[in-house]
Structure formats: structure tokens, C-alpha cells
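Undergrad: So here's query.pdb (PDB, C-alpha atoms and all ligand atoms).
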```pdb
MODEL        1
ATOM      1  CA  MET A  11     -10.569  26.720  -3.155
ATOM      2  CA  LYS A  12      -7.215  26.528  -1.380
ATOM      3  CA  LYS A  13      -8.280  23.427   0.524
ATOM      4  CA  TYR A  14      -8.576  21.510  -2.753
ATOM      5  CA  ALA A  15      -4.916  22.063  -3.601
ATOM      6  CA  LEU A  16      -3.936  18.588  -2.396
ATOM      7  CA  PRO A  17      -6.221  16.561  -4.731
ATOM      8  CA  VAL A  18      -5.142  18.796  -7.624
ATOM      9  CA  LEU A  19      -1.490  18.264  -6.679
ATOM     10  CA  MET A  20      -1.955  14.476  -6.441
ATOM     11  CA  LEU A  21      -3.619  14.438  -9.852
ATOM     12  CA  ALA A  22      -0.823  16.568 -11.315
ATOM     13  CA  VAL A  23       1.875  14.235  -9.943
ATOM     14  CA  PHE A  24       0.192  11.146 -11.402
ATOM     15  CA  GLU A  25      -0.459  12.893 -14.718
ATOM     16  CA  ALA A  26       3.226  13.845 -14.891
ATOM     17  CA  VAL A  27       4.170  10.184 -14.361
ATOM     18  CA  ALA A  28       1.506   9.090 -16.897
ATOM     19  CA  VAL A  29       2.687  11.441 -19.644
ATOM     20  CA  THR A  30       6.394  10.812 -18.980
ATOM     21  CA  LEU A  31       5.995   7.036 -19.192
ATOM     22  CA  TRP A  32       3.651   7.252 -22.176
ATOM     23  CA  LEU A  33       6.185   9.289 -24.147
ATOM     24  CA  THR A  34       9.366   7.540 -23.010
ATOM     25  CA  LYS A  35       7.970   4.003 -23.341
ATOM     26  CA  ASP A  36       5.862   4.882 -26.409
ATOM     27  CA  ASN A  37       2.939   3.027 -24.864
ATOM     28  CA  ILE A  38      -0.415   4.722 -24.342
ATOM     29  CA  PHE A  39      -1.321   2.177 -21.668
ATOM     30  CA  TYR A  40       0.757   4.177 -19.175
ATOM     31  CA  LEU A  41      -1.280   7.297 -19.880
ATOM     32  CA  PHE A  42      -4.499   5.419 -19.164
ATOM     33  CA  ASN A  43      -3.100   3.496 -16.180
ATOM     34  CA  PHE A  44      -1.596   6.354 -14.180
ATOM     35  CA  SER A  45      -4.378   8.788 -15.149
ATOM     36  CA  TYR A  46      -6.950   6.328 -13.786
ATOM     37  CA  ILE A  47      -5.004   5.829 -10.536
ATOM     38  CA  GLY A  48      -4.382   9.579 -10.184
ATOM     39  CA  CYS A  49      -8.081  10.395 -10.731
ATOM     40  CA  SER A  50      -9.115   7.731  -8.183
ATOM     41  CA  ILE A  51      -6.721   9.090  -5.553
ATOM     42  CA  ALA A  52      -7.637  12.720  -6.236
ATOM     43  CA  LEU A  53     -11.320  11.791  -5.927
ATOM     44  CA  GLY A  54     -10.622  10.095  -2.577
ATOM     45  CA  VAL A  55      -8.727  13.110  -1.207
ATOM     46  CA  PHE A  56     -11.490  15.401  -2.455
ATOM     47  CA  LEU A  57     -14.158  13.281  -0.716
ATOM     48  CA  PHE A  58     -12.050  13.200   2.456
ATOM     49  CA  ILE A  59     -11.857  17.011   2.462
ATOM     50  CA  ARG A  60     -15.649  17.031   2.007
ATOM     51  CA  LYS A  61     -15.738  14.823   5.144
ATOM     52  CA  TYR A  62     -17.243  11.826   3.370
ATOM     53  CA  GLU A  63     -16.837   8.907   5.780
ATOM     54  CA  HIS A  64     -15.970   6.212   3.239
ATOM     55  CA  ALA A  65     -13.575   8.241   1.078
ATOM     56  CA  ARG A  66     -10.577   5.966   1.688
ATOM     57  CA  ARG A  67     -12.561   2.781   1.106
ATOM     58  CA  ILE A  68     -13.757   4.106  -2.256
ATOM     59  CA  VAL A  69     -10.173   4.691  -3.410
ATOM     60  CA  GLN A  70      -9.166   1.250  -2.111
ATOM     61  CA  LEU A  71     -11.913  -0.383  -4.161
ATOM     62  CA  LEU A  72     -11.319   1.707  -7.296
ATOM     63  CA  VAL A  73      -7.558   1.102  -7.366
ATOM     64  CA  GLY A  74      -7.413  -2.317  -5.684
ATOM     65  CA  LEU A  75     -10.033  -3.930  -7.949
ATOM     66  CA  TYR A  76      -8.503  -2.349 -11.040
ATOM     67  CA  MET A  77      -5.094  -3.789 -10.202
ATOM     68  CA  LEU A  78      -6.295  -7.189  -9.076
ATOM     69  CA  VAL A  79      -8.973  -7.857 -11.697
ATOM     70  CA  TYR A  80      -7.897  -5.839 -14.728
ATOM     71  CA  LEU A  81      -4.093  -5.852 -14.521
ATOM     72  CA  GLY A  82      -3.695  -9.140 -12.658
ATOM     73  CA  LEU A  83      -6.435 -11.444 -13.925
ATOM     74  CA  ILE A  84      -7.357  -9.980 -17.323
ATOM     75  CA  CYS A  85      -3.961  -8.632 -18.485
ATOM     76  CA  ARG A  86      -2.151 -11.455 -16.628
ATOM     77  CA  GLU A  87       0.508  -9.193 -15.112
ATOM     78  CA  ASN A  88       1.962 -10.507 -11.870
ATOM     79  CA  MET A  89       2.038  -7.302  -9.801
ATOM     80  CA  GLN A  90       3.085  -9.079  -6.640
ATOM     81  CA  ILE A  91       6.644  -9.186  -5.352
ATOM     82  CA  GLU A  92       7.412 -12.298  -7.439
ATOM     83  CA  GLY A  93       6.428 -10.308 -10.550
ATOM     84  CA  PHE A  94       8.801  -7.566  -9.477
ATOM     85  CA  TRP A  95      11.717 -10.005  -9.189
ATOM     86  CA  TYR A  96      10.747 -11.593 -12.484
ATOM     87  CA  TYR A  97      10.777  -8.354 -14.463
ATOM     88  CA  LEU A  98      13.875  -7.170 -12.628
ATOM     89  CA  PHE A  99      15.793 -10.342 -13.593
ATOM     90  CA  THR A 100      14.659 -10.111 -17.199
ATOM     91  CA  GLY A 101      15.877  -6.488 -17.241
ATOM     92  CA  VAL A 102      12.484  -5.160 -18.336
ATOM     93  CA  PHE A 103      11.430  -1.851 -16.845
ATOM     94  CA  GLU A 104       7.658  -2.222 -17.116
ATOM     95  CA  ALA A 105       4.617  -3.676 -15.350
ATOM     96  CA  ALA A 106       5.635  -4.789 -11.850
ATOM     97  CA  THR A 107       9.027  -3.017 -11.886
ATOM     98  CA  ILE A 108       7.386   0.341 -12.647
ATOM     99  CA  HIS A 109       4.619  -0.411 -10.170
ATOM    100  CA  TYR A 110       7.145  -1.176  -7.430
ATOM    101  CA  ALA A 111       9.310   1.829  -8.250
ATOM    102  CA  VAL A 112       6.340   4.230  -8.105
ATOM    103  CA  ALA A 113       4.190   2.752  -5.339
ATOM    104  CA  LYS A 114       6.563   0.878  -3.092
ATOM    105  CA  ILE A 115      10.178   1.990  -3.410
ATOM    106  CA  PHE A 116      10.581   5.650  -4.426
ATOM    107  CA  GLY A 117       6.976   6.863  -4.069
ATOM    108  CA  PRO A 118       7.008   6.260  -0.278
ATOM    109  CA  LEU A 119       9.701   8.942  -0.005
ATOM    110  CA  ILE A 120       6.863  11.349  -0.836
ATOM    111  CA  PHE A 121       3.610   9.704   0.251
ATOM    112  CA  GLY A 122       4.838   7.150   2.784
ATOM    113  CA  ARG A 123       2.705   4.034   2.960
ATOM    114  CA  GLY A 124      -0.190   5.604   1.110
ATOM    115  CA  TRP A 125      -0.175   2.459  -1.031
ATOM    116  CA  CYS A 126      -1.141   0.420   2.045
ATOM    117  CA  GLY A 127      -3.942   2.750   3.034
ATOM    118  CA  TYR A 128      -5.499   3.459  -0.360
ATOM    119  CA  ALA A 129      -4.561   0.975  -3.044
ATOM    120  CA  CYS A 130      -3.453  -2.477  -1.885
ATOM    121  CA  TRP A 131      -5.899  -5.159  -2.980
ATOM    122  CA  THR A 132      -4.973  -7.420  -0.073
ATOM    123  CA  ALA A 133      -5.834  -4.770   2.518
ATOM    124  CA  MET A 134      -8.903  -3.850   0.439
ATOM    125  CA  VAL A 135     -10.405  -7.170   1.585
ATOM    126  CA  LEU A 136      -8.837  -7.263   5.066
ATOM    127  CA  ASP A 137     -10.312  -3.848   5.882
ATOM    128  CA  PHE A 138     -13.816  -5.348   5.572
ATOM    129  CA  LEU A 139     -13.128  -7.593   8.589
ATOM    130  CA  PRO A 140     -14.407  -6.618  12.047
ATOM    131  CA  TYR A 141     -11.149  -5.781  13.896
ATOM    132  CA  LYS A 142     -10.473  -2.298  12.522
ATOM    133  CA  VAL A 143      -8.535  -1.371  15.633
ATOM    134  CA  PRO A 144      -6.295  -4.073  17.142
ATOM    135  CA  ALA A 145      -7.712  -5.517  20.341
ATOM    136  CA  ARG A 146      -4.240  -5.984  21.834
ATOM    137  CA  PRO A 147      -0.820  -4.298  21.462
ATOM    138  CA  GLY A 148       1.272  -5.552  18.535
ATOM    139  CA  LYS A 149       3.375  -8.700  18.808
ATOM    140  CA  LYS A 150       7.082  -8.940  18.046
ATOM    141  CA  LEU A 151       6.589 -11.043  14.929
ATOM    142  CA  GLY A 152       7.832  -8.566  12.315
ATOM    143  CA  TRP A 153      10.823 -10.823  11.550
ATOM    144  CA  ILE A 154       8.475 -13.105   9.575
ATOM    145  CA  ARG A 155       8.367 -10.521   6.771
ATOM    146  CA  TYR A 156      12.062 -11.139   6.044
ATOM    147  CA  ILE A 157      11.375 -14.845   5.595
ATOM    148  CA  THR A 158       8.498 -14.281   3.150
ATOM    149  CA  PHE A 159      10.651 -11.693   1.352
ATOM    150  CA  ALA A 160      13.535 -14.174   1.023
ATOM    151  CA  LEU A 161      11.198 -16.974  -0.074
ATOM    152  CA  SER A 162       9.778 -14.840  -2.888
ATOM    153  CA  LEU A 163      13.285 -14.038  -4.096
ATOM    154  CA  ILE A 164      14.440 -17.667  -3.853
ATOM    155  CA  PHE A 165      11.334 -18.873  -5.721
ATOM    156  CA  VAL A 166      11.902 -16.607  -8.747
ATOM    157  CA  SER A 167      15.700 -17.103  -8.699
ATOM    158  CA  ALA A 168      15.187 -20.879  -8.753
ATOM    159  CA  LEU A 169      12.954 -20.593 -11.841
ATOM    160  CA  PHE A 170      15.696 -18.696 -13.655
ATOM    161  CA  LEU A 171      18.573 -20.885 -12.448
ATOM    162  CA  ALA A 172      16.727 -24.060 -13.433
ATOM    163  CA  HIS A 173      15.955 -22.542 -16.868
ATOM    164  CA  VAL A 174      12.291 -23.431 -16.438
ATOM    165  CA  GLY A 175      10.294 -22.905 -19.632
ATOM    166  CA  ASN A 176       7.143 -20.805 -19.941
ATOM    167  CA  ILE A 177       7.893 -18.691 -16.869
ATOM    168  CA  GLU A 178       5.159 -16.216 -17.931
ATOM    169  CA  ARG A 179       2.524 -18.892 -17.296
ATOM    170  CA  ILE A 180       4.129 -19.853 -13.983
ATOM    171  CA  MET A 181       4.121 -16.205 -12.921
ATOM    172  CA  PHE A 182       0.416 -15.952 -13.698
ATOM    173  CA  LEU A 183      -0.308 -19.075 -11.644
ATOM    174  CA  ALA A 184       1.932 -17.705  -8.873
ATOM    175  CA  PHE A 185      -0.146 -14.517  -8.909
ATOM    176  CA  ILE A 186      -3.393 -16.448  -8.404
ATOM    177  CA  ILE A 187      -2.016 -18.871  -5.806
ATOM    178  CA  GLY A 188      -0.060 -16.118  -4.024
ATOM    179  CA  ASN A 189      -3.118 -13.906  -3.708
ATOM    180  CA  ALA A 190      -5.288 -16.773  -2.499
ATOM    181  CA  LEU A 191      -2.633 -17.554   0.131
ATOM    182  CA  TYR A 192      -2.336 -13.912   1.194
ATOM    183  CA  TYR A 193      -6.094 -13.657   1.647
ATOM    184  CA  ALA A 194      -6.321 -16.942   3.544
ATOM    185  CA  VAL A 195      -3.410 -16.139   5.895
ATOM    186  CA  GLY A 196      -4.546 -12.523   6.305
ATOM    187  CA  ILE A 197      -8.098 -13.513   7.253
ATOM    188  CA  ILE A 198      -6.987 -16.284   9.641
ATOM    189  CA  LEU A 199      -4.499 -13.929  11.350
ATOM    190  CA  ALA A 200      -7.052 -11.127  11.580
ATOM    191  CA  PHE A 201      -9.497 -13.356  13.444
ATOM    192  CA  SER A 202      -6.925 -15.101  15.618
ATOM    193  CA  LEU A 203      -5.095 -11.899  16.669
ATOM    194  CA  LYS A 204      -8.223  -9.726  16.504
ATOM    195  CA  ASP A 205      -6.441  -7.320  14.197
ATOM    196  CA  ASN A 206      -7.438  -6.730  10.545
ATOM    197  CA  ARG A 207      -3.941  -5.536   9.714
ATOM    198  CA  ALA A 208      -1.973  -8.369  11.359
ATOM    199  CA  PHE A 209      -0.897  -9.618   7.932
ATOM    200  CA  CYS A 210       0.529  -6.186   7.110
ATOM    201  CA  LYS A 211       2.375  -5.983  10.425
ATOM    202  CA  TYR A 212       3.987  -9.420  10.456
ATOM    203  CA  ILE A 213       3.860 -11.252   7.112
ATOM    204  CA  CYS A 214       3.782  -8.930   4.105
ATOM    205  CA  PRO A 215       7.164  -9.073   2.293
ATOM    206  CA  VAL A 216       6.589  -5.711   0.599
ATOM    207  CA  THR A 217       7.060  -3.931   3.923
ATOM    208  CA  VAL A 218      10.785  -4.707   3.613
ATOM    209  CA  PHE A 219      10.768  -1.914   0.992
ATOM    210  CA  LEU A 220       7.948   0.172   2.380
ATOM    211  CA  LYS A 221       9.069   0.620   5.963
ATOM    212  CA  PRO A 222      12.583   2.044   5.476
ATOM    213  CA  MET A 223      11.500   4.271   2.575
ATOM    214  CA  SER A 224       8.463   5.648   4.414
ATOM    215  CA  TYR A 225      10.732   6.620   7.322
ATOM    216  CA  PHE A 226      11.773   9.607   5.182
ATOM    217  CA  ALA A 227       8.272  10.388   3.859
ATOM    218  CA  LEU A 228       7.449  13.978   3.013
ATOM    219  CA  LEU A 229       3.723  13.539   3.698
ATOM    220  CA  ARG A 230       3.116  12.489   7.299
ATOM    221  CA  VAL A 231       0.665  13.190  10.074
ATOM    222  CA  THR A 232       2.085  15.524  12.716
ATOM    223  CA  CYS A 233       0.763  16.792  16.013
ATOM    224  CA  ASP A 234       0.338  20.396  17.096
ATOM    225  CA  ARG A 235       1.501  20.081  20.713
ATOM    226  CA  GLU A 236      -0.106  23.422  21.575
ATOM    227  CA  LYS A 237      -3.566  22.055  20.788
ATOM    228  CA  CYS A 238      -3.081  18.466  22.008
ATOM    229  CA  ILE A 239      -4.696  17.637  25.369
ATOM    230  CA  SER A 240      -3.127  14.154  25.579
ATOM    231  CA  CYS A 241      -6.511  12.421  25.565
ATOM    232  CA  GLY A 242      -5.058   9.388  23.747
ATOM    233  CA  LYS A 243      -7.976   9.088  21.293
ATOM    234  CA  CYS A 244      -5.636   9.081  18.280
ATOM    235  CA  ARG A 245      -3.780   6.031  19.595
ATOM    236  CA  ARG A 246      -7.013   4.218  20.405
ATOM    237  CA  VAL A 247      -8.357   4.530  16.834
ATOM    238  CA  CYS A 248      -5.094   3.813  15.012
ATOM    239  CA  PRO A 249      -5.134   0.459  13.167
ATOM    240  CA  MET A 250      -1.313   0.393  13.130
ATOM    241  CA  ASN A 251      -0.486   1.300  16.758
ATOM    242  CA  VAL A 252       1.362   4.474  15.796
ATOM    243  CA  ASP A 253       2.198   7.053  18.443
ATOM    244  CA  VAL A 254       1.217   9.975  16.272
ATOM    245  CA  THR A 255       1.572  12.556  19.065
ATOM    246  CA  ASP A 256       5.352  12.163  18.830
ATOM    247  CA  ASN A 257       6.519  14.251  15.865
ATOM    248  CA  SER A 258       9.958  12.671  15.575
ATOM    249  CA  ARG A 259      10.646  10.218  12.764
ATOM    250  CA  LYS A 260      11.528   7.669  15.440
ATOM    251  CA  ARG A 261       7.971   7.712  16.820
ATOM    252  CA  LYS A 262       6.681   4.329  17.968
ATOM    253  CA  ASN A 263       5.587   2.297  14.922
ATOM    254  CA  GLY A 264       6.121   5.397  12.769
ATOM    255  CA  THR A 265       6.892   3.357   9.631
ATOM    256  CA  GLU A 266       3.623   1.465  10.091
ATOM    257  CA  CYS A 267       1.502   4.549   9.377
ATOM    258  CA  ILE A 268      -0.758   3.935   6.355
ATOM    259  CA  LEU A 269      -2.092   7.530   6.266
ATOM    260  CA  CYS A 270      -5.647   6.298   6.851
ATOM    261  CA  MET A 271      -6.424   9.566   8.701
ATOM    262  CA  GLU A 272      -8.525   7.886  11.392
ATOM    263  CA  CYS A 273      -6.491   9.770  14.016
ATOM    264  CA  VAL A 274      -7.048  13.085  12.229
ATOM    265  CA  LYS A 275     -10.795  12.473  11.944
ATOM    266  CA  ASN A 276     -11.110  11.547  15.617
ATOM    267  CA  CYS A 277      -8.902  14.131  17.305
ATOM    268  CA  PRO A 278     -11.290  16.295  19.366
ATOM    269  CA  LYS A 279      -8.962  19.301  19.226
ATOM    270  CA  GLY A 280      -7.984  19.264  15.562
ATOM    271  CA  ALA A 281      -4.387  18.892  16.670
ATOM    272  CA  LEU A 282      -3.360  16.466  13.885
TER     273      LEU A 282
HETATM  274  S1  LIG B   1       1.563  -4.129   4.236
HETATM  275 FE1  LIG B   1       1.426  -5.403   2.393
HETATM  276  S2  LIG B   1      -0.606  -6.344   2.472
HETATM  277 FE2  LIG B   1      -0.603  -4.660   3.909
HETATM  278  S3  LIG B   1      -1.431  -2.970   2.772
HETATM  279 FE3  LIG B   1       0.809  -2.826   2.604
HETATM  280  S4  LIG B   1       1.336  -3.931   0.727
HETATM  281 FE4  LIG B   1      -0.782  -4.488   1.270
HETATM  282  S1  LIG B   2      -6.523  12.790  19.814
HETATM  283 FE1  LIG B   2      -5.734  14.849  19.478
HETATM  284  S2  LIG B   2      -5.833  15.794  21.461
HETATM  285 FE2  LIG B   2      -6.047  13.614  21.836
HETATM  286  S3  LIG B   2      -3.938  12.894  22.208
HETATM  287 FE3  LIG B   2      -4.319  12.670  20.039
HETATM  288  S4  LIG B   2      -3.544  14.566  19.114
HETATM  289 FE4  LIG B   2      -3.787  14.942  21.289
HETATM  290  S1  LIG B   3      -4.609   6.424  12.456
HETATM  291 FE1  LIG B   3      -3.172   8.060  11.984
HETATM  292  S2  LIG B   3      -1.185   7.336  12.738
HETATM  293 FE2  LIG B   3      -2.561   5.581  12.600
HETATM  294  S3  LIG B   3      -2.152   4.703  10.605
HETATM  295 FE3  LIG B   3      -3.893   6.068  10.371
HETATM  296  S4  LIG B   3      -2.970   8.032   9.773
HETATM  297 FE4  LIG B   3      -1.314   6.767  10.582
ENDMDL
END
```
Show how you would write the structure in this file as C-alpha cells.
Ligand code: SF4
Ligand code: SF4
Ligand code: SF4
TA:
Amino acid sequence: MKKYALPVLMLAVFEAVAVTLWLTKDNIFYLFNFSYIGCSIALGVFLFIRKYEHARRIVQLLVGLYMLVYLGLICRENMQIEGFWYYLFTGVFEAATIHYAVAKIFGPLIFGRGWCGYACWTAMVLDFLPYKVPARPGKKLGWIRYITFALSLIFVSALFLAHVGNIERIMFLAFIIGNALYYAVGIILAFSLKDNRAFCKYICPVTVFLKPMSYFALLRVTCDREKCISCGKCRRVCPMNVDVTDNSRKRKNGTECILCMECVKNCPKGAL
């Protein structure tokens, strides 16, 4: 039973967040929301331990579709970075601000870029594309993320400075248009660079938060150098070009790791 400690722990962490927010915000939605996400993640970890091949994809679909369709389209919450700025500027600690705090700013101190591997609705679609492992080494285009980050901030700031009315409606439209753009750019980049995750590596503004925070992540894949035979298989299957055999936090592309566990599954010596 010891091997199932991790899914139980994940569920306990999410339940703690669910109950805390439910009681402090006096809103039962938080109990439902974080319990659902916690159960989905715990199920995925459980299936992974049972060696089910599509465990991660199941979590991606359960969480990604819930956030995109239910929270985004039905409840009309902009959970993208523009929504985060919007709620931050209005001083409201709910919806996108809580989502960002848990999944993308403080959460990565514990679970790194688990969000990117198991929950993001953009990657949920991109991971269906054919280039699961990049055909070529990464390009030095990461600076683009700072431009998209700045543009998102400028866009929402301009709405506030210009005292535009009905910002809620604009934020909903921005959610739809923003997602359509993300998908279009992500798919075009994936095919042109032969890399499903090119959008994540070069364009996604959220990585401005995710990368530095995940540098300190508690949960990370490490290599047992005693067992490793330097076959290089882990690097060949990694979608993010991480040098996972280097245990230092400064490992090559270390903050790109999305904890997909492809390296762990493929290591012939069980060294990871
Ligand atoms: S880098 Fe951005 S688009 Fe890619 S999985 Fe993470 S949050 Fe989603
Ligand atoms: S796949 Fe395993 S044995 Fe091969 S280099 Fe990576 S950690 Fe070492
Ligand atoms: S293959 Fe391993 S190193 Fe690469 S992203 Fe997945 S978990 Fe991280």
C-alpha cells in the first residue's frame, strides 16, 4: 500500500486547499472545484503507478476540459493571464487570482510545472499532435514569452486606464479570442518546428511565473548515478529537452520539466 502514498498525499493537499477556501471565502464552489481537481490528479497518479500508459492524458482531459469548458465557457471566468491581471487590479482574490496562486505561482514551489504536464488546456490539445519529441534541439526564442507577457499586462492596464465599461464582457471575449489564438499559434509552431511543445517553450507568457518558481520545486525527477549507464534514452524521449541525468538545479532546461515521466517510464535501468 506504501506505493499509493503519493496519490493519497496529492488528494489530501487539494482537499486541504478546498476546505480552507470553502470556509474562508464562504463559498462551496471552492470545495467542489479543488476536490474535483484533486480527485482527477490523484486518479492520474494512481493509474501511473499501475503503469497505465495514458494516465497523464486522462488527467489532462479531465482537468483541462473542466477548466476550459465549465469554468471558462459556461461560468465565463477568464482563467488566462489577462483574467489574472483583471482580478488582481480589481483587488479580488478569487477565480483567476486563486488559480494562478495555486497552479502557477506558489504551487510550482512544490510540484514544479505539473500544471503544464497534467492540467493546461492548451497543451491538452497540443499533445495530440504528432511531434511528441522535438525533431531538433530547441531554438533560442524564449525571449518571445516576455513580449507576450508584457502585451497581456498592457492590454488589461489599458482597459482600466481608459475606464472602459463592461470589462467583464471584454474579458470573456478576450478568453475566447485568446484561446483561439493560442491554439492557432501553437498548432502552426508545432508543425513548422516539428515540436508539439514549441508554444510552451517560446511563446507562453505564463512561463514567466512558472520557470523561476519551478527552479525551487520540491517534486522533481532525479537520477541515481549508480544505476545510470549513460544510454541517453531519457534525453531522447523528453519533450522538453531536459538533461535529467544532471541532478543539479542548474541542469540544462531544468525549468522546462513538465513532470510528464516519459524519461522515468523509458529508463532501462530504473535510474530515474
Ligand atoms: S507552458 Fe503555457 S501553454 Fe504550455 S503547458 Fe504550460 S501553461 Fe500551458
Ligand atoms: S535512460 Fe536511464 S540509464 Fe539511460 S541515461 Fe537516462 S537515466 Fe541513465
Ligand atoms: S521526460 Fe522527464 S525530464 Fe523530460 S519533461 Fe518529462 S519528466 Fe521532465
Undergrad: Please evaluate the PyMOL selection byres (((chain A and resi 39-56) around 9) and not hetatm) against the structure above and give the resulting residues as a PyMOL selection string.
TA: chain A and resi 14+16-33+35-38+57-62+64-70+72-73+76+128-129
Undergrad: As a quick test: using only C-alpha atoms and all ligand atoms, which residues lie no more than 10 Å away from ligand LIG 3 (chain B)? Give them as a PyMOL selection string.
TA: chain A and resi 122-124+126-127+143+230-232+243-255+262-277+282
Undergrad: State, in Å with one decimal place, the distance from CA of Pro215 (chain A) to CA of Thr158 (chain A).
TA: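 Going from CA of Pro215 (chain A) over to CA of Thr158 (chain A) covers 5.4 Å.
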Undergrad: Kindly resolve the PyMOL selection byres (((not hetatm)) within 6 of (chain B and resi 1)) on the present coordinates and return the residues as a PyMOL selection string.
TA: chain A and resi 126+130+132-133+210+214+216-217
Undergrad: Please report the interatomic distance between CA of Leu119 (chain A) and CA of Pro222 (chain A) in Å with one decimal.
TA: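 Separation of CA of Leu119 (chain A) and CA of Pro222 (chain A): 9.3 Å.
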Undergrad: What is the CA of Lys237 (chain A)-CA of Lys260 (chain A) distance in Å, reported with one decimal?
TA: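 Result for CA of Lys237 (chain A) versus CA of Lys260 (chain A): 21.5 Å, one decimal.
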Undergrad: Of the candidates A:Cys241, A:Ile154, A:Leu203, A:Ala105, which one gets nearest to ligand LIG 2 (chain B) if we count only C-alpha atoms and all ligand atoms?
TA: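 So, comparing all the options, the nearest one is A:Cys241.
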Undergrad: With all atoms of region 41-45 of chain A from the file as input, state the centre and edge lengths in Å to one decimal of the axis-aligned box that has 3 Å extra on each side, as lines of an AutoDock Vina configuration file.
TA:
```
center_x = -2.9
center_y = 6.1
center_z = -17.0
size_x = 9.2
size_y = 11.3
size_z = 11.7
```
